[in-house]
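Below: one structure, written as structure tokens.
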Amino acid sequence: MKIMTGIIALFSASFALGQMTNLDFEKIDISPDPLNFLHADIDKIPGQKLLALSPTQSFPFYLIDSETLEIKQTYDVGNWYAGARIEPSVSGKYILLQQLFYLDYSPNKDREVKYEVIETATGKTVLRIDKAHAASFHPNEENLIVLRGDDVYAYSLDGKGDRKLFPVPGATNCAAISPDGTKIAISHMPEAGFLDDYLTKKKQRKNFKLYKKYRQCISVYDAKTFEKIYTVDEMYDIPYFLKFSPESDVLLCYSVPHIKLSEKSGMGNSHYISKTDARTGQYMPGGFVSNSTHEPDFEFSHSGKYVALVTLNSKYPEVWICEFETSKIIARFEVASRLLEGFKKGNFSADVGRTGLAFSEDDSILYFTAGSIIFKWNIPYENQ
């Protein structure tokens, strides 16, 4: 349990330095009357003054002006009851929609969801995948990298079908391709040889059954030859997303302990985002904690210096701005204290929906969703 001890210690220190809040914000309800619905996610479209906004319960998908927040386009896509996670392609030509659920994950089985790729300019659907563990745009914008079953595929975005790239025996929930297009990271169950060596080194042989059943590994593959480069030198609680840093040098993993492992260790159910050196496969100190009810949104600033993430205080969501390198919290926004409780127009209770995050092009503003509201927060970098 060394991983969690280090991360919690780090956040105890940084939280004391960064527990200031800021009131310089606007609250916008863009939904035309009489609509009144929850937003699932928001993201900036690269190279354009547009934000993409996905709703819940089959309401229209919006493209909105990032300065005025006026609706520019309305698309009938990604019509899933709990909404969709948004990922734009590198130039903003395409948008990937990932099906979400109100109960976001089960610690007892792998997740398989639906995906849809649309053209940003037209809303035309160019690709649908009915069942996959993970999907992410290749930076060449020609393919979608997809983990399906125990195999990694490349799905063409121009209608040419898919091709199997390489197998990953025991693959689980997560796949990610680095922004430079050189590496593909996959989560998987531990191989026998790795598990034996790891437990011997950590002096945890007595916990062999627990680690085999409830902990997982991450391996990184060459995106051209498909040969394994390394398996990270640490084991993880159940991974639910992998993400490379903008410079492709750090690999992040959001992990949730299996309920039975939490019960046995007495650690509770803390969720964390850990860092690994993507060049060497060595686990790095520091990281981020997020106890969000749903799988949290986690976004890099355009400069790559900061990250925004969603977490949970005792009851309601909070949005944090952190330095990526040090994990220091520099600003917090307590979402619940800015909302009227109940179901007035534009003021849904903060704990019934997801919070999506998006930095403005110059990183001065963070847009985020809360119920049916969009917040436009001027980030107080002076708090550093």
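As shown in the structure tokens, the chain order sets the letters A, B, ...; within each chain, residues go from 1, and ligands are also counted from 1 in the order they appear.
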Within stretch 231-341 of chain A, find each residue whose DSSP state, derived from the backbone, is strand (DSSP E or B), and express the selection as JSON, numbers by chain.
{"A": [231, 236, 238, 239, 240, 241, 242, 243, 244, 250, 251, 252, 253, 254, 255, 256, 272, 273, 274, 275, 276, 277, 283, 284, 285, 286, 287, 288, 289, 298, 299, 300, 306, 307, 308, 309, 310, 311, 312, 317, 318, 319, 320, 321, 322, 323, 329, 330, 331, 332, 333, 334]}
With only C-alpha atoms as the counted atoms, please give the residues lying no more than 8 Å from stretch 128-145 of chain A, apart from itself and same-chain residues fewer than 5 positions off, as a CSV table (one decimal) with C-alpha atoms, in the first residue's frame.
```csv
chain,number,residue,atom,x,y,z
A,87,GLU,CA,-12.4,13.8,-26.8
A,89,SER,CA,-8.9,14.9,-32.3
A,90,VAL,CA,-5.6,16.8,-32.4
A,96,LEU,CA,-14.9,11.0,-30.0
A,110,ASP,CA,-14.2,-5.0,-17.0
A,111,ARG,CA,-16.1,-2.2,-18.6
A,112,GLU,CA,-17.4,-2.3,-22.2
A,113,VAL,CA,-19.1,0.7,-23.7
A,114,LYS,CA,-20.2,2.3,-27.0
A,115,TYR,CA,-18.2,4.8,-28.9
A,116,GLU,CA,-19.1,7.2,-31.7
A,117,VAL,CA,-16.9,9.5,-33.9
A,152,VAL,CA,-5.7,-3.7,-29.9
A,153,TYR,CA,-7.2,-2.5,-33.2
A,154,ALA,CA,-6.9,0.5,-35.5
A,155,TYR,CA,-10.2,1.6,-36.9
A,156,SER,CA,-10.0,3.7,-40.0
A,157,LEU,CA,-11.8,7.1,-39.9
A,158,ASP,CA,-12.3,7.1,-43.7
A,172,THR,CA,-8.6,-5.1,-18.9
A,173,ASN,CA,-10.2,-1.6,-19.2
A,174,CYS,CA,-7.6,0.9,-20.4
A,175,ALA,CA,-5.7,1.9,-23.5
A,176,ALA,CA,-3.9,5.2,-24.5
A,177,ILE,CA,-1.7,6.3,-27.3
A,179,PRO,CA,0.5,12.4,-28.3
A,180,ASP,CA,3.7,11.8,-30.3
A,181,GLY,CA,2.3,8.6,-31.7
```
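For the pair atom CA of A:Asp233 and atom CA of A:Phe288, the separation is 19.1 Å.
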Need the shell around A:Ala82: protein/DNA/RNA residues with any atom at most 8 Å away, counting only C-alpha atoms. Skip same-chain ones fewer than 6 positions apart. Format as an MDAnalysis selection string?
chainID A and resid 40 55:57 99:102
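Counting only C-alpha atoms and comparing A:Ser91, A:Thr200, A:Ser360, A:Thr231, the residue that lies closest to A:Arg279 is A:Thr231.
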Excluding A:Tyr211 and residues on its chain fewer than 2 positions from it, collect all residues at most 12 Å away from it, counting only C-alpha atoms, and give them as number ranges by chain.
A: 1, 189-192, 194-196, 198-199, 202, 204-209, 213-217, 234-238, 257-258, 260-261, 264
So that I have them on file, write out the residues from the current selection with N, CA and C atoms, as a short mmCIF file (atom, residue, chain, number, x, y, z; two decimals), in the first residue's frame.
```
data_model
loop_
_atom_site.label_atom_id
_atom_site.label_comp_id
_atom_site.auth_asym_id
_atom_site.auth_seq_id
_atom_site.Cartn_x
_atom_site.Cartn_y
_atom_site.Cartn_z
N MET A 1 0.82 -1.21 0.00
CA MET A 1 0.00 0.00 0.00
C MET A 1 0.86 1.26 0.00
N MET A 189 -4.10 -7.93 -16.63
CA MET A 189 -3.86 -8.75 -15.45
C MET A 189 -2.39 -9.14 -15.40
N PRO A 190 -1.85 -9.35 -14.19
CA PRO A 190 -0.41 -9.64 -14.09
C PRO A 190 -0.03 -10.99 -14.69
N GLU A 191 1.11 -10.99 -15.37
CA GLU A 191 1.68 -12.24 -15.86
C GLU A 191 2.37 -12.95 -14.70
N ALA A 192 2.43 -14.28 -14.76
CA ALA A 192 2.95 -15.07 -13.64
C ALA A 192 4.37 -14.68 -13.26
N PHE A 194 6.06 -11.87 -13.85
CA PHE A 194 6.13 -10.52 -13.28
C PHE A 194 5.63 -10.53 -11.84
N LEU A 195 4.51 -11.21 -11.59
CA LEU A 195 3.92 -11.24 -10.25
C LEU A 195 4.86 -11.87 -9.25
N ASP A 196 5.49 -12.97 -9.62
CA ASP A 196 6.44 -13.64 -8.73
C ASP A 196 7.60 -12.71 -8.38
N TYR A 198 7.74 -9.43 -8.62
CA TYR A 198 7.28 -8.24 -7.91
C TYR A 198 7.05 -8.53 -6.42
N LEU A 199 6.35 -9.62 -6.12
CA LEU A 199 6.03 -9.94 -4.73
C LEU A 199 7.27 -10.33 -3.93
N LYS A 202 8.99 -7.00 -3.19
CA LYS A 202 8.23 -6.21 -2.22
C LYS A 202 8.01 -6.95 -0.90
N GLN A 204 6.03 -9.48 -0.31
CA GLN A 204 4.58 -9.62 -0.16
C GLN A 204 4.08 -11.00 -0.60
N ARG A 205 4.93 -12.01 -0.51
CA ARG A 205 4.55 -13.35 -0.98
C ARG A 205 3.28 -13.86 -0.28
N LYS A 206 3.09 -13.47 0.95
CA LYS A 206 1.92 -13.95 1.69
C LYS A 206 0.61 -13.41 1.09
N ASN A 207 0.71 -12.33 0.32
CA ASN A 207 -0.47 -11.72 -0.28
C ASN A 207 -0.61 -12.07 -1.76
N PHE A 208 -0.04 -13.19 -2.18
CA PHE A 208 -0.03 -13.58 -3.59
C PHE A 208 -1.44 -13.60 -4.19
N LYS A 209 -2.39 -14.22 -3.50
CA LYS A 209 -3.75 -14.35 -4.04
C LYS A 209 -4.43 -13.00 -4.21
N LYS A 213 -5.49 -11.40 -7.92
CA LYS A 213 -6.90 -11.21 -8.23
C LYS A 213 -7.31 -9.74 -8.31
N TYR A 214 -6.69 -8.88 -7.47
CA TYR A 214 -7.21 -7.53 -7.32
C TYR A 214 -6.27 -6.41 -7.78
N ARG A 215 -5.07 -6.74 -8.21
CA ARG A 215 -4.15 -5.71 -8.71
C ARG A 215 -3.85 -5.97 -10.18
N GLN A 216 -3.48 -4.92 -10.89
CA GLN A 216 -3.24 -5.04 -12.32
C GLN A 216 -1.92 -4.40 -12.72
N CYS A 217 -1.54 -4.63 -13.98
CA CYS A 217 -0.29 -4.11 -14.52
C CYS A 217 -0.58 -3.19 -15.71
N GLU A 234 5.50 -1.17 -11.19
CA GLU A 234 4.59 -1.10 -10.06
C GLU A 234 3.28 -1.77 -10.45
N MET A 235 2.53 -2.24 -9.45
CA MET A 235 1.20 -2.78 -9.69
C MET A 235 0.16 -1.77 -9.23
N TYR A 236 -1.02 -1.85 -9.85
CA TYR A 236 -2.05 -0.83 -9.67
C TYR A 236 -3.33 -1.44 -9.14
N ASP A 237 -4.09 -0.62 -8.37
CA ASP A 237 -5.48 -0.95 -8.17
C ASP A 237 -6.16 -0.86 -9.54
N ILE A 238 -7.44 -1.19 -9.61
CA ILE A 238 -8.10 -1.34 -10.91
C ILE A 238 -8.03 -0.04 -11.71
N PRO A 257 -9.39 1.10 -5.89
CA PRO A 257 -9.19 -0.19 -5.22
C PRO A 257 -10.44 -1.06 -5.32
N HIS A 258 -10.23 -2.34 -5.53
CA HIS A 258 -11.35 -3.28 -5.48
C HIS A 258 -11.93 -3.25 -4.07
N LYS A 260 -13.13 -5.52 -2.12
CA LYS A 260 -12.65 -6.55 -1.21
C LYS A 260 -11.23 -6.27 -0.73
N LEU A 261 -10.40 -5.67 -1.62
CA LEU A 261 -9.05 -5.32 -1.21
C LEU A 261 -9.08 -4.17 -0.21
N LYS A 264 -9.97 -5.56 3.18
CA LYS A 264 -8.89 -6.32 3.81
C LYS A 264 -7.76 -5.41 4.31
#
```
Within 8 Å of stretch 224-229 of chain A using only C-alpha atoms, minus same-chain residues under 3 positions, as a PyMOL selection string
chain A and resi 165-166+182+219-221
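Of the residues under consideration (A:Pro46, A:Gly281, A:Pro88, A:Gly356), A:Gly281 shows the shortest atom-to-atom contact distance to A:Tyr230 when counting only C-alpha atoms.
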Find the distance between atom CA of A:Asn313 and atom CA of A:Asp363 and write it in Å to one decimal.
25.0 Å
